[in-house]
Amino acid sequence: MKKKEAAISVSQPKQSKSFANTLFVVCNTVIMVLFVIVTLYPVLNTLAISFNDGTDALRGGVYLWPRKWSLQNYVTVLQKDNLITGAYISVLRTVIGTLTALAANALLAFIVSRKRFLFKSQLSLFWVITMYVNGGMIPIFLLYKNLGLTNNFWVYIIPGMISAFNMLVMRTYMTGIPDSLEESAQLDGAGYMTIFFKIISARPAIRRRV
């Protein structure tokens with residue numbers, strides 16, 4: 001009898017645990033399916049409207065499947081003269097903006113992370129404040145106008161070159177690099193630019209090789 005009671009007491013926690021696991025899997029699956037439906041529905045609805053006739057789409061009622069199939073919407077968009085120009089500007093903005101932002105934030109983070117640099121804590125606090133306080137749309141527009149950035153391609157590049165968040169992340173990474181690496185490089189006659197390019201910037205690649 002004692003053995004049977006012990007076996008029953010052991011089996012009960014296992015059954016409760018398996019029930020809890022099954023309940024978790026069911027609830028998790030339902031939530032994930034609902035999340036996928038909520039995420040995909042706007043995309044599928046936009047795709048269905050794009051393949052539907054434009055005049056007919058104004059009536060509404062197009063959800064997941066076009067009511068009146070038509071490719072005229074795509075033909076109209078592809079015939080626009082500024083489509084290629086927009087794509088060209090998007091590519092240039094992405095490539096040039098990424099490279100310039102990476103270079104500017106990395107150099108600024110390297111300067112602020114140096115122990116000999118004065119006012120580094122004050123400047124770091126200043127950049128943190130800029131993450132929470134914004135001048136507003138109108139002052140920013142007036143600033144761009146006074147700088148001659150309106151109707152100019154460089155309005156996509158220059159304002160986004162410095163990001164306080166990205167700079168602080170890079171500064172945190174550079175602060176964690178041992179000082180012995182920089183000191184040994186300085187003993188060999190390396191300057192700050194050499195240290196930045198050959199030690200700070202090349203360290204992730206070196207670690208991957210190792």
# chains A, B, ... in the order shown; residues from 1 in each chain; ligands from 1
>>> residues_around(residues="range 38-46 of chain A", least_positions_apart="5", cutoff="12 Å", atoms="only C-alpha atoms", output="PyMOL selection string")
chain A and resi 31-33+51-52+57+60-67
>>> residues_around(residues="Val112 in chain A", least_positions_apart="4", cutoff="12 Å", atoms="only C-alpha atoms", output="PyMOL selection string")
chain A and resi 105-108+116-125+127+164+167-175
>>> select_by_dssp(residues="range 88-145 of chain A", states="helix (DSSP H, G or I)", output="ChimeraX atom specification")
/A:88-113,120-132,137-145
>>> residues_around(residues="range 154-158 of chain A", least_positions_apart="4", cutoff="7 Å", atoms="only C-alpha atoms", output="PyMOL selection string")
chain A and resi 93+97+149-150
>>> atom_distance(atom1="CA of Lys68 in chain A", atom2="CA of Ile49 in chain A")
9.5 Å
